[in-house]
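Only one structure is covered here, and it is reproduced in the block below.
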Amino acid sequence: MNALRGKLRSTRGESISEVMISGLIVALGLLLAVSMILASVSMMSKASTSWKSYFTARNELESRTGTASNITVTVGGITGLTPMSGSWLYTAKISDGSYLYMFSEGN
Amino acid sequence: MLALLVFLLCAVVGSVVLASASAAAGRVKRLKEDDQAVYTLTSAAKMFSKELDGASCAISYDPDTKTADVTADTGEHRMAGLLAQLTKAEAEQLAGNGTAAAEVKSTVSFSTADLKTVSYDATMNSSYQLKVVFTIDGGTGQQVTLTMDAIPYENISAAAATPYARINASDETKIPLSISWGNPSITVGSAE
């Protein structure tokens with residue numbers, strides 16, 4: 001810490017090699033910072049698209065406007081109950097290629 | 001020296017930001033899994049509710065053997081057999097002849113691999129109130145609970161309105177009693 005204080009108070013100049021090396025380090029730092037900022041802007045944009053897609057999919061499911069297909073539901077543990085047909089599987093696609101599902105008995 | 005300090009500071013701040021961003025991404029992935037589980041469980045609870053709301057059972061109690069004969073109309077309510085099984089067990093418990101708990105544990109499975117199998121645990125208390133707890137993967141994650149109240153079928157006095165008193169009344173008259181279920185309520189919560 002004393003060395004740093006001494007360096008800051010010193011009125012001696014820097015050598016050309018010190019200035020060049022520090023300039024290089026500052027340039028590298030700036031380059032890194034700019035590339036990270038650009039990457040983070042791109043990630044924020046992707047995240048925003050993903051959220052929008054996710055909540056659109058949820059709305060589709062809850063309003064039952066997504067794709068629907070007929071499924072059979074089997075409830076165990078009830079004597080004499082056979083598998084029940086007539087239920088609908090609702091599907092909504094998210095931007096990452098995955099899906100959300102829910103089912104409903106009847107429409 | 002100062003340039004190195006600035007570089008070090010930027011590197012540390014950048015690492016912290018990236019670490020918190022990746023942690024947030026993990027939470028978002030978990031959110032989707034949790035939402036999917038809740039959709040599946042809520043769908044199952046709504047199906048039970050739709051199938052059981054308004055279903056009724058007729059109880060015929062034999063005081064000599066202390067056994068209850070319970071029948072349910074499964075024409076309109078296909079799953080009413082669940083109520084009959086639970087009501088029989090609970091009625092015999094209340095009459096002092098029950099050894100089996102009024103509980104049915106089983107699964108709801110689907111003809112598609114897109115939905116995970118749901119486990120359910122249906123119980124009935126001494127007021128014949130139905131409680132069904134739905135879970136996925138052994139019950140450690142999300143859970144959805146359906147409750148339905150038992151509604152007396154006949155207009156009877158308040159003193160005789162408790163299920164136990166109704167069975168005692170049945171002891172004397174041997175008239176089958178009826179109970180129907182309604183007021184479905186679905187609640188979503190975590191098992192942990």
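Following the order of the structure tokens, first chain is A, next is B, and so on, with residues numbered from 1 inside each chain and ligands from 1 in the order they appear.
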Practice prompt. Please return as JSON, numbers by chain: the residues of range 11-191 of chain B that backbone DSSP assigns to strand (DSSP E).
Written response: {"B": [56, 57, 58, 59, 60, 61, 62, 67, 68, 69, 70, 71, 72, 103, 104, 105, 106, 107, 108, 109, 110, 118, 119, 120, 121, 122, 123, 124, 130, 131, 132, 133, 134, 135, 142, 143, 144, 145, 146, 147, 148, 149, 150, 151, 152, 177, 178, 179, 180, 181, 182, 183, 184, 185, 186, 187, 188, 189, 190]}
Item to complete: Please provide the set of residues having any atom within 8 Å of range 79-81 of chain A, restricted to only C-alpha atoms, with same-chain residues fewer than 6 positions apart removed, written as an MDAnalysis selection string.
Response: chainID B and resid 78:79 81:82
The selected residues should be written to file as a PDB file, in the first residue's frame (atoms: N, CA and C atoms).
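So the final result, stored in part_17.pdb, reads:
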```
ATOM      1  N   ARG B  78     -68.521 -41.352 -13.313  1.00  0.00           N
ATOM      2  CA  ARG B  78     -67.814 -42.612 -13.526  1.00  0.00           C
ATOM      3  C   ARG B  78     -66.892 -42.995 -12.373  1.00  0.00           C
ATOM      4  N   MET B  79     -66.399 -41.986 -11.647  1.00  0.00           N
ATOM      5  CA  MET B  79     -65.455 -42.282 -10.575  1.00  0.00           C
ATOM      6  C   MET B  79     -66.110 -42.363  -9.206  1.00  0.00           C
ATOM      7  N   GLY B  81     -67.247 -44.701  -7.689  1.00  0.00           N
ATOM      8  CA  GLY B  81     -66.806 -45.892  -6.957  1.00  0.00           C
ATOM      9  C   GLY B  81     -65.782 -45.551  -5.887  1.00  0.00           C
ATOM     10  N   LEU B  82     -64.988 -44.507  -6.134  1.00  0.00           N
ATOM     11  CA  LEU B  82     -64.002 -44.069  -5.141  1.00  0.00           C
ATOM     12  C   LEU B  82     -64.713 -43.624  -3.860  1.00  0.00           C
TER      13      LEU B  82
END
```
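Any residue of chain A with an atom no more than 7 Å from chain B counts as a contact; using only C-alpha atoms, that gives Ser22, Ile25, Val26, Gly29, Ile71, Thr72, Val73, Thr74, Val75, Gly76, Gly77, Ile78, Thr79, Leu81, Leu100, Tyr101, Met102, Phe103, Ser104 and Glu105 of chain A.
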Could those residues be written to a file, using C-alpha atoms, as a JSON list (two decimals), in the first residue's frame?
```json
[["chain", "number", "residue", "atom", "x", "y", "z"],
["A", 22, "SER", "CA", -0.33, -0.12, -19.66],
["A", 25, "ILE", "CA", -3.69, -3.62, -20.90],
["A", 26, "VAL", "CA", -6.27, -0.80, -20.98],
["A", 29, "GLY", "CA", -9.76, -4.39, -20.90],
["A", 71, "ILE", "CA", -56.10, -39.12, -24.84],
["A", 72, "THR", "CA", -57.22, -41.87, -22.49],
["A", 73, "VAL", "CA", -56.84, -41.44, -18.73],
["A", 74, "THR", "CA", -56.48, -44.46, -16.45],
["A", 75, "VAL", "CA", -57.31, -43.94, -12.77],
["A", 76, "GLY", "CA", -56.12, -46.77, -10.56],
["A", 77, "GLY", "CA", -57.46, -47.81, -7.16],
["A", 78, "ILE", "CA", -61.17, -47.65, -8.04],
["A", 79, "THR", "CA", -62.89, -51.00, -8.32],
["A", 81, "LEU", "CA", -63.41, -48.31, -13.29],
["A", 100, "LEU", "CA", -46.16, -27.15, -22.03],
["A", 101, "TYR", "CA", -49.03, -29.60, -21.60],
["A", 102, "MET", "CA", -52.29, -29.85, -19.72],
["A", 103, "PHE", "CA", -55.32, -32.09, -20.08],
["A", 104, "SER", "CA", -59.01, -31.57, -19.65],
["A", 105, "GLU", "CA", -61.98, -33.86, -19.51]]
```
Worksheet entry | CA of Met148 in chain B to CA of Ala45 in chain B, straight-line distance in Å |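 Calculated distance between CA of Ala45 in chain B and CA of Met148 in chain B is 11.2 Å.
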Discussion item. I need the residues of chain A that end up classed as helix (DSSP H, G or I) by DSSP on the backbone, written out as a VMD selection string.
Written reply: chain A and resid 2 to 9 16 to 62
Response to the item:
note - CA of Thr91 in chain A and CA of Asp34 in chain B are separated by 16.4 Å
Worksheet item: Any idea what's packed within 10 Å of range 45-47 of chain A, counting only C-alpha atoms, ignoring anything in its chain fewer than 6 positions away? Could you give it as a ChimeraX atom specification?
Response: /A:39,53,95 /B:25
